[in-house]
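Here is target_23.pdb, consisting of PDB, C-alpha atoms:
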```
ATOM      1  CA  MET A   1      31.511 169.253  49.091
ATOM      2  CA  SER A   2      31.998 171.876  51.772
ATOM      3  CA  ILE A   3      35.436 171.810  53.408
ATOM      4  CA  GLU A   4      35.891 173.275  56.872
ATOM      5  CA  VAL A   5      39.353 173.852  58.356
ATOM      6  CA  ARG A   6      39.734 173.724  62.150
ATOM      7  CA  PRO A   7      42.609 173.657  64.654
ATOM      8  CA  ALA A   8      44.060 170.158  65.127
ATOM      9  CA  THR A   9      42.881 169.575  68.699
ATOM     10  CA  ASP A  10      41.380 166.107  68.176
ATOM     11  CA  PHE A  11      44.168 163.527  68.206
ATOM     12  CA  GLU A  12      42.003 160.766  66.720
ATOM     13  CA  ASP A  13      41.319 162.985  63.712
ATOM     14  CA  VAL A  14      45.034 163.773  63.375
ATOM     15  CA  ARG A  15      45.738 160.025  63.590
ATOM     16  CA  ALA A  16      43.242 159.396  60.781
ATOM     17  CA  VAL A  17      45.258 161.666  58.471
ATOM     18  CA  LEU A  18      48.863 161.167  59.668
ATOM     19  CA  GLY A  19      48.937 157.924  61.615
ATOM     20  CA  PRO A  20      50.184 154.550  60.415
ATOM     21  CA  LYS A  21      48.026 151.533  59.623
ATOM     22  CA  SER A  22      50.102 149.567  62.118
ATOM     23  CA  PRO A  23      50.475 151.258  65.539
ATOM     24  CA  THR A  24      54.089 150.052  65.809
ATOM     25  CA  ALA A  25      55.183 151.633  62.507
ATOM     26  CA  ASN A  26      57.683 154.493  62.570
ATOM     27  CA  VAL A  27      55.950 157.052  60.370
ATOM     28  CA  CYS A  28      56.779 160.749  60.360
ATOM     29  CA  TRP A  29      53.657 162.012  62.192
ATOM     30  CA  CYS A  30      54.858 165.405  60.881
ATOM     31  CA  LEU A  31      57.474 165.572  63.633
ATOM     32  CA  SER A  32      60.695 165.682  61.618
ATOM     33  CA  TYR A  33      60.739 169.496  61.299
ATOM     34  CA  ARG A  34      58.960 170.129  64.594
ATOM     35  CA  ILE A  35      61.332 168.517  67.083
ATOM     36  CA  PRO A  36      65.113 168.218  67.416
ATOM     37  CA  SER A  37      66.583 165.417  65.284
ATOM     38  CA  LYS A  38      67.877 163.532  68.335
ATOM     39  CA  LEU A  39      64.386 163.313  69.826
ATOM     40  CA  ASN A  40      62.922 162.547  66.401
ATOM     41  CA  ASN A  41      65.279 159.560  66.113
ATOM     42  CA  GLU A  42      64.579 158.384  69.673
ATOM     43  CA  LEU A  43      60.782 158.364  69.362
ATOM     44  CA  ARG A  44      59.739 155.003  67.942
ATOM     45  CA  GLY A  45      56.394 153.438  67.079
ATOM     46  CA  PRO A  46      53.572 154.330  69.500
ATOM     47  CA  ALA A  47      55.750 156.933  71.271
ATOM     48  CA  ARG A  48      55.523 159.098  68.141
ATOM     49  CA  GLY A  49      51.737 159.108  68.250
ATOM     50  CA  ALA A  50      51.757 159.776  71.999
ATOM     51  CA  TYR A  51      53.965 162.817  71.405
ATOM     52  CA  VAL A  52      51.528 164.142  68.799
ATOM     53  CA  ALA A  53      48.606 163.518  71.180
ATOM     54  CA  GLU A  54      50.313 165.854  73.664
ATOM     55  CA  LEU A  55      50.777 168.464  70.938
ATOM     56  CA  CYS A  56      47.048 168.311  70.165
ATOM     57  CA  ARG A  57      46.344 169.269  73.783
ATOM     58  CA  ALA A  58      48.768 172.214  73.655
ATOM     59  CA  ASP A  59      47.936 175.828  72.932
ATOM     60  CA  PRO A  60      48.329 176.398  70.097
ATOM     61  CA  PRO A  61      47.736 172.930  68.643
ATOM     62  CA  PRO A  62      50.232 171.637  66.045
ATOM     63  CA  GLY A  63      48.336 172.642  62.932
ATOM     64  CA  VAL A  64      44.972 172.499  61.214
ATOM     65  CA  LEU A  65      42.730 169.763  59.861
ATOM     66  CA  ALA A  66      40.367 169.899  56.894
ATOM     67  CA  TYR A  67      37.002 168.211  57.288
ATOM     68  CA  ASP A  68      34.438 167.057  54.759
ATOM     69  CA  GLY A  69      31.466 166.957  57.094
ATOM     70  CA  ASP A  70      32.739 165.058  60.139
ATOM     71  CA  GLU A  71      35.498 163.223  58.251
ATOM     72  CA  PRO A  72      39.069 164.519  58.576
ATOM     73  CA  VAL A  73      40.481 164.651  55.040
ATOM     74  CA  GLY A  74      43.618 166.788  55.296
ATOM     75  CA  TRP A  75      46.320 168.250  57.507
ATOM     76  CA  ALA A  76      48.622 171.269  57.494
ATOM     77  CA  ALA A  77      51.485 171.740  59.966
ATOM     78  CA  VAL A  78      51.900 175.336  61.069
ATOM     79  CA  ALA A  79      53.786 176.747  64.048
ATOM     80  CA  PRO A  80      56.085 179.584  65.048
ATOM     81  CA  ARG A  81      59.341 179.069  63.140
ATOM     82  CA  ALA A  82      61.258 179.463  66.424
ATOM     83  CA  GLU A  83      59.637 176.196  67.593
ATOM     84  CA  THR A  84      60.744 174.217  64.521
ATOM     85  CA  SER A  85      63.992 173.059  63.000
ATOM     86  CA  PHE A  86      63.577 175.824  60.397
ATOM     87  CA  ALA A  87      64.865 178.156  63.108
ATOM     88  CA  ARG A  88      68.265 176.448  62.735
ATOM     89  CA  ASN A  89      68.101 175.245  59.130
ATOM     90  CA  ARG A  90      71.156 176.383  57.144
ATOM     91  CA  LYS A  91      69.557 175.649  53.762
ATOM     92  CA  ILE A  92      66.571 177.957  54.209
ATOM     93  CA  PRO A  93      67.511 181.595  54.850
ATOM     94  CA  HIS A  94      66.094 183.937  57.470
ATOM     95  CA  LEU A  95      65.127 187.208  55.852
ATOM     96  CA  ASP A  96      64.605 189.311  58.964
ATOM     97  CA  ASP A  97      64.028 189.082  62.699
ATOM     98  CA  LEU A  98      60.217 188.985  62.573
ATOM     99  CA  PRO A  99      58.619 186.177  64.619
ATOM    100  CA  VAL A 100      57.383 184.385  61.491
ATOM    101  CA  TRP A 101      55.346 181.203  61.461
ATOM    102  CA  SER A 102      56.228 178.252  59.239
ATOM    103  CA  LEU A 103      53.829 176.154  57.153
ATOM    104  CA  TRP A 104      55.764 173.079  56.062
ATOM    105  CA  CYS A 105      53.446 170.156  55.470
ATOM    106  CA  VAL A 106      50.187 169.871  53.550
ATOM    107  CA  ARG A 107      48.690 166.395  53.351
ATOM    108  CA  VAL A 108      45.427 165.260  51.789
ATOM    109  CA  ARG A 109      44.158 161.739  52.419
ATOM    110  CA  PRO A 110      44.003 159.333  49.483
ATOM    111  CA  GLY A 111      40.562 159.338  47.923
ATOM    112  CA  HIS A 112      40.135 163.060  48.614
ATOM    113  CA  ARG A 113      42.795 164.559  46.369
ATOM    114  CA  LYS A 114      42.137 166.920  43.443
ATOM    115  CA  GLN A 115      39.156 168.461  45.251
ATOM    116  CA  GLY A 116      40.720 171.744  46.406
ATOM    117  CA  ILE A 117      41.482 170.514  49.910
ATOM    118  CA  SER A 118      45.140 171.592  49.816
ATOM    119  CA  HIS A 119      44.004 175.112  48.919
ATOM    120  CA  ALA A 120      41.579 175.117  51.863
ATOM    121  CA  LEU A 121      44.354 173.854  54.157
ATOM    122  CA  ILE A 122      46.761 176.607  53.115
ATOM    123  CA  ALA A 123      44.076 179.245  53.647
ATOM    124  CA  GLY A 124      43.149 177.695  56.995
ATOM    125  CA  ALA A 125      46.791 177.631  58.119
ATOM    126  CA  VAL A 126      47.134 181.315  57.195
ATOM    127  CA  ASP A 127      44.014 182.158  59.228
ATOM    128  CA  PHE A 128      45.288 180.059  62.151
ATOM    129  CA  ALA A 129      48.675 181.801  62.181
ATOM    130  CA  ARG A 130      47.036 185.234  61.900
ATOM    131  CA  ALA A 131      44.658 184.417  64.787
ATOM    132  CA  HIS A 132      47.710 183.551  66.915
ATOM    133  CA  GLY A 133      49.432 186.863  66.191
ATOM    134  CA  ALA A 134      51.820 185.861  63.417
ATOM    135  CA  PRO A 135      53.004 188.930  61.497
ATOM    136  CA  VAL A 136      54.239 186.810  58.580
ATOM    137  CA  ILE A 137      53.841 183.195  57.480
ATOM    138  CA  GLU A 138      56.457 181.322  55.450
ATOM    139  CA  ALA A 139      56.324 178.139  53.415
ATOM    140  CA  TYR A 140      59.097 176.174  51.727
ATOM    141  CA  PRO A 141      57.380 174.491  48.759
ATOM    142  CA  LEU A 142      58.800 172.690  45.773
ATOM    143  CA  ASP A 143      59.476 174.828  42.708
ATOM    144  CA  ASN A 144      58.621 172.039  40.301
ATOM    145  CA  GLY A 145      57.246 174.020  37.357
ATOM    146  CA  ASP A 146      55.122 171.543  35.427
ATOM    147  CA  ALA A 147      57.152 168.489  36.466
ATOM    148  CA  ARG A 148      55.355 165.706  38.300
ATOM    149  CA  VAL A 149      56.119 165.252  41.972
ATOM    150  CA  ASP A 150      56.057 161.928  43.799
ATOM    151  CA  LEU A 151      53.107 162.141  46.202
ATOM    152  CA  THR A 152      55.215 160.966  49.136
ATOM    153  CA  MET A 153      57.416 164.050  48.667
ATOM    154  CA  ALA A 154      54.664 166.525  47.812
ATOM    155  CA  TYR A 155      54.035 167.264  51.507
ATOM    156  CA  ALA A 156      56.054 170.496  51.239
ATOM    157  CA  GLY A 157      53.469 171.815  48.814
ATOM    158  CA  LEU A 158      53.918 173.296  45.367
ATOM    159  CA  ARG A 159      54.938 176.861  44.622
ATOM    160  CA  LYS A 160      51.923 177.494  42.377
ATOM    161  CA  ASN A 161      49.483 176.545  45.159
ATOM    162  CA  PHE A 162      51.104 179.000  47.547
ATOM    163  CA  GLU A 163      51.078 181.720  44.879
ATOM    164  CA  ARG A 164      47.328 181.157  44.497
ATOM    165  CA  ALA A 165      47.012 181.658  48.264
ATOM    166  CA  GLY A 166      48.696 185.073  48.177
ATOM    167  CA  PHE A 167      52.245 183.999  49.056
ATOM    168  CA  THR A 168      55.082 185.580  47.105
ATOM    169  CA  TRP A 169      58.564 184.318  46.314
ATOM    170  CA  ALA A 170      60.924 185.691  48.943
ATOM    171  CA  ALA A 171      64.205 183.820  48.444
ATOM    172  CA  ALA A 172      65.925 180.875  46.875
ATOM    173  CA  THR A 173      67.101 178.102  49.184
ATOM    174  CA  THR A 174      69.730 175.401  48.879
ATOM    175  CA  SER A 175      67.174 172.800  49.977
ATOM    176  CA  VAL A 176      66.159 170.158  47.434
ATOM    177  CA  LEU A 177      63.380 167.615  47.893
ATOM    178  CA  ALA A 178      62.632 164.781  45.475
ATOM    179  CA  GLY A 179      64.946 166.407  42.925
ATOM    180  CA  HIS A 180      63.109 169.738  43.002
ATOM    181  CA  PRO A 181      64.442 172.953  44.518
ATOM    182  CA  ARG A 182      62.512 174.417  47.411
ATOM    183  CA  VAL A 183      61.827 178.140  47.554
ATOM    184  CA  LEU A 184      60.991 180.392  50.457
ATOM    185  CA  MET A 185      57.523 181.900  50.002
ATOM    186  CA  ARG A 186      56.016 184.474  52.366
ATOM    187  CA  ARG A 187      52.731 186.144  53.085
ATOM    188  CA  ASP A 188      52.506 189.260  55.223
ATOM    189  CA  LEU A 189      49.661 189.031  57.747
ATOM    190  CA  ARG A 190      49.877 192.564  59.168
TER     191      ARG A 190
END
```
Starting from the file, give its structure as structure tokens.
Amino acid sequence: MSIEVRPATDFEDVRAVLGPKSPTANVCWCLSYRIPSKLNNELRGPARGAYVAELCRADPPPGVLAYDGDEPVGWAAVAPRAETSFARNRKIPHLDDLPVWSLWCVRVRPGHRKQGISHALIAGAVDFARAHGAPVIEAYPLDNGDARVDLTMAYAGLRKNFERAGFTWAAATTSVLAGHPRVLMRRDLR
């Protein structure tokens, strides 16, 4: 299998990875950290997908997709931190005034897991941020040690996967997800 990671400009491919089975369902669409909570709560059903379709037409697009041939098999959300709720998050510290980018969601489609796709997505997100001038990229993964993580809450990623991708521990946070502490990991891109 040869995995290729590309910018998420094709909404139908993003829908294949993030979208609901029922078009009226209120799934995350990876918007909860990207947009203000009031707007996140107001967008319902198909309006959520329509919002993401607009993001796919923006420059830069909202993240990257992993492909196995022509099939989209994974997603990573990456954007300037200033454009996300992490810019205002009190549980995750800001270490300096650099215009860092945030990588906060890594998702691999069922049937494609345990094939290294999350590693390719992290690397692709790093390359994407670097290509858009990011001096530093941050992630806020779970510090779960060897404990199992519920797959629905594993979207934040795991510390060990970010360490393998060249990220280093930068700070503790007061954020907890699925019973596991989240840590701030960084990778300098300069």
| request: Compile the contact shell of segment 117-120 of chain A as a ChimeraX atom specification: residues with an atom at most 9 Å away, counting only C-alpha atoms, same-chain residues fewer than 4 positions apart removed. | output: /A:3-5,66-67,73-76,106-108,112-113,124-125,157,161-162,164-165
| request: Have a look at atom CA of Val126 of chain A and atom CA of Ala178 of chain A and let me know their distance in Å, one decimal. | output: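 Going from atom CA of Val126 of chain A over to atom CA of Ala178 of chain A covers 25.5 Å.
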| So what does the PyMOL selection byres ((chain A and resi 179) around 12) actually pick up in this one, as a PyMOL selection string? | chain A and resi 142-144+147-150+153-154+174-178+180-182
| message | When you look at Thr84 of chain A with a cut-off of 8 Å (counting only C-alpha atoms), what residues show up, excluding the ones that are within fewer than 5 positions of it in the same chain? I need them as a list in words. | response |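 The filter keeps Tyr33, Arg34, Ile35, Pro36 and Ala79 of chain A.
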| query | Smallest atom-to-atom distance to Gly145 of chain A: which of A:Val183, A:Arg90, A:Ile122, A:Ser22, using only C-alpha atoms? | reply | A:Val183
| field | Residues selected by the PyMOL selection byres ((chain A and resi 19) around 12), written as a VMD selection string | value | chain A and resid 11 to 18 20 to 31 45 to 50 52 to 53 75 107 109
Emit the selected residues as a tab-separated table (two decimals), keeping the file's coordinate frame, including C-alpha atoms.
```tsv
chain	number	residue	atom	x	y	z
A	11	PHE	CA	44.17	163.53	68.21
A	12	GLU	CA	42.00	160.77	66.72
A	13	ASP	CA	41.32	162.99	63.71
A	14	VAL	CA	45.03	163.77	63.38
A	15	ARG	CA	45.74	160.02	63.59
A	16	ALA	CA	43.24	159.40	60.78
A	17	VAL	CA	45.26	161.67	58.47
A	18	LEU	CA	48.86	161.17	59.67
A	20	PRO	CA	50.18	154.55	60.42
A	21	LYS	CA	48.03	151.53	59.62
A	22	SER	CA	50.10	149.57	62.12
A	23	PRO	CA	50.48	151.26	65.54
A	24	THR	CA	54.09	150.05	65.81
A	25	ALA	CA	55.18	151.63	62.51
A	26	ASN	CA	57.68	154.49	62.57
A	27	VAL	CA	55.95	157.05	60.37
A	28	CYS	CA	56.78	160.75	60.36
A	29	TRP	CA	53.66	162.01	62.19
A	30	CYS	CA	54.86	165.40	60.88
A	31	LEU	CA	57.47	165.57	63.63
A	45	GLY	CA	56.39	153.44	67.08
A	46	PRO	CA	53.57	154.33	69.50
A	47	ALA	CA	55.75	156.93	71.27
A	48	ARG	CA	55.52	159.10	68.14
A	49	GLY	CA	51.74	159.11	68.25
A	50	ALA	CA	51.76	159.78	72.00
A	52	VAL	CA	51.53	164.14	68.80
A	53	ALA	CA	48.61	163.52	71.18
A	75	TRP	CA	46.32	168.25	57.51
A	107	ARG	CA	48.69	166.40	53.35
A	109	ARG	CA	44.16	161.74	52.42
```
| field | Nearest candidate to Ala58 of chain A (options A:Thr9, A:Ser102, A:Asn41, A:Ser85; using all atoms listed in the file) | value |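 Of the candidates, the smallest distance to Ala58 of chain A is held by A:Thr9.
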| query | Expanded to explicit residues, what is the PyMOL selection byres ((chain A and resi 78) around 12) for this file, as a VMD selection string? | reply | chain A and resid 7 to 8 30 to 31 33 to 34 60 to 65 75 to 77 79 to 84 86 100 to 106 121 to 130 132 134 136 to 140 156
| Two-atom distance - atom CA of Phe167 of chain A, atom CA of Glu71 of chain A (Å) |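 Interatomic distance here is 28.2 Å.
What separates atom CA of Lys160 of chain A from atom CA of Pro141 of chain A is a distance of 8.9 Å.
With distances restricted to all atoms listed in the file, A:Ser2 is the closest residue to Asp70 of chain A from A:Asn89, A:Arg44, A:Ala172, A:Ser2.
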| message | Using all atoms listed in the file, can you tell me which of A:Arg6, A:Lys91, A:Arg57, A:Arg187 comes closest to Pro72 of chain A? | response | A:Arg6
Missing atoms in segment 99-125 of chain A: can you complete it with N, CA, C and O atoms, as a CSV table (one decimal), keeping the file's coordinate frame?
```
chain,number,residue,atom,x,y,z
A,99,PRO,N,59.0,187.5,64.1
A,99,PRO,CA,58.6,186.2,64.6
A,99,PRO,C,57.7,185.4,63.7
A,99,PRO,O,56.5,185.3,64.0
A,100,VAL,N,58.2,185.0,62.5
A,100,VAL,CA,57.4,184.4,61.5
A,100,VAL,C,56.9,183.0,61.9
A,100,VAL,O,57.5,182.4,62.8
A,101,TRP,N,55.8,182.6,61.3
A,101,TRP,CA,55.3,181.2,61.5
A,101,TRP,C,55.7,180.4,60.2
A,101,TRP,O,55.8,181.0,59.1
A,102,SER,N,55.9,179.1,60.4
A,102,SER,CA,56.2,178.3,59.2
A,102,SER,C,55.1,177.3,58.9
A,102,SER,O,54.4,176.8,59.9
A,103,LEU,N,54.8,177.1,57.7
A,103,LEU,CA,53.8,176.2,57.2
A,103,LEU,C,54.6,175.2,56.3
A,103,LEU,O,55.1,175.6,55.2
A,104,TRP,N,54.8,174.0,56.8
A,104,TRP,CA,55.8,173.1,56.1
A,104,TRP,C,55.2,171.8,55.6
A,104,TRP,O,55.9,171.0,54.9
A,105,CYS,N,54.0,171.4,55.9
A,105,CYS,CA,53.4,170.2,55.5
A,105,CYS,C,52.0,170.3,55.2
A,105,CYS,O,51.2,170.8,56.0
A,106,VAL,N,51.6,169.9,54.0
A,106,VAL,CA,50.2,169.9,53.6
A,106,VAL,C,49.9,168.5,53.1
A,106,VAL,O,50.6,168.0,52.1
A,107,ARG,N,49.0,167.8,53.7
A,107,ARG,CA,48.7,166.4,53.4
A,107,ARG,C,47.2,166.2,53.2
A,107,ARG,O,46.4,166.6,54.0
A,108,VAL,N,46.8,165.6,52.1
A,108,VAL,CA,45.4,165.3,51.8
A,108,VAL,C,45.3,163.7,51.7
A,108,VAL,O,46.1,163.1,51.1
A,109,ARG,N,44.3,163.2,52.4
A,109,ARG,CA,44.2,161.7,52.4
A,109,ARG,C,43.8,161.2,51.0
A,109,ARG,O,43.1,161.8,50.2
A,110,PRO,N,44.4,160.0,50.7
A,110,PRO,CA,44.0,159.3,49.5
A,110,PRO,C,42.5,159.2,49.4
A,110,PRO,O,41.8,159.0,50.4
A,111,GLY,N,42.0,159.4,48.2
A,111,GLY,CA,40.6,159.3,47.9
A,111,GLY,C,39.9,160.7,48.0
A,111,GLY,O,38.7,160.9,47.7
A,112,HIS,N,40.7,161.7,48.5
A,112,HIS,CA,40.1,163.1,48.6
A,112,HIS,C,41.0,164.1,47.8
A,112,HIS,O,40.7,165.3,48.0
A,113,ARG,N,41.9,163.6,47.1
A,113,ARG,CA,42.8,164.6,46.4
A,113,ARG,C,42.1,165.1,45.1
A,113,ARG,O,41.1,164.6,44.7
A,114,LYS,N,42.7,166.2,44.6
A,114,LYS,CA,42.1,166.9,43.4
A,114,LYS,C,40.7,167.5,43.7
A,114,LYS,O,39.9,167.5,42.8
A,115,GLN,N,40.5,167.9,44.9
A,115,GLN,CA,39.2,168.5,45.3
A,115,GLN,C,39.3,169.8,45.9
A,115,GLN,O,38.4,170.3,46.5
A,116,GLY,N,40.5,170.4,45.8
A,116,GLY,CA,40.7,171.7,46.4
A,116,GLY,C,41.0,171.7,47.9
A,116,GLY,O,41.1,172.8,48.5
A,117,ILE,N,41.3,170.6,48.5
A,117,ILE,CA,41.5,170.5,49.9
A,117,ILE,C,42.8,171.2,50.3
A,117,ILE,O,42.9,171.8,51.3
A,118,SER,N,43.8,171.0,49.5
A,118,SER,CA,45.1,171.6,49.8
A,118,SER,C,45.0,173.1,49.8
A,118,SER,O,45.6,173.8,50.7
A,119,HIS,N,44.2,173.7,48.9
A,119,HIS,CA,44.0,175.1,48.9
A,119,HIS,C,43.3,175.6,50.2
A,119,HIS,O,43.7,176.6,50.8
A,120,ALA,N,42.3,174.8,50.6
A,120,ALA,CA,41.6,175.1,51.9
A,120,ALA,C,42.5,175.0,53.1
A,120,ALA,O,42.4,175.8,54.0
A,121,LEU,N,43.4,174.0,53.1
A,121,LEU,CA,44.4,173.9,54.2
A,121,LEU,C,45.3,175.0,54.2
A,121,LEU,O,45.6,175.5,55.3
A,122,ILE,N,45.8,175.5,53.1
A,122,ILE,CA,46.8,176.6,53.1
A,122,ILE,C,46.0,177.8,53.6
A,122,ILE,O,46.6,178.5,54.5
A,123,ALA,N,44.8,178.1,53.2
A,123,ALA,CA,44.1,179.2,53.6
A,123,ALA,C,43.8,179.1,55.1
A,123,ALA,O,43.9,180.1,55.9
A,124,GLY,N,43.4,177.9,55.6
A,124,GLY,CA,43.1,177.7,57.0
A,124,GLY,C,44.4,177.9,57.9
A,124,GLY,O,44.3,178.4,59.0
A,125,ALA,N,45.5,177.5,57.4
A,125,ALA,CA,46.8,177.6,58.1
A,125,ALA,C,47.1,179.1,58.2
A,125,ALA,O,47.6,179.6,59.3
```
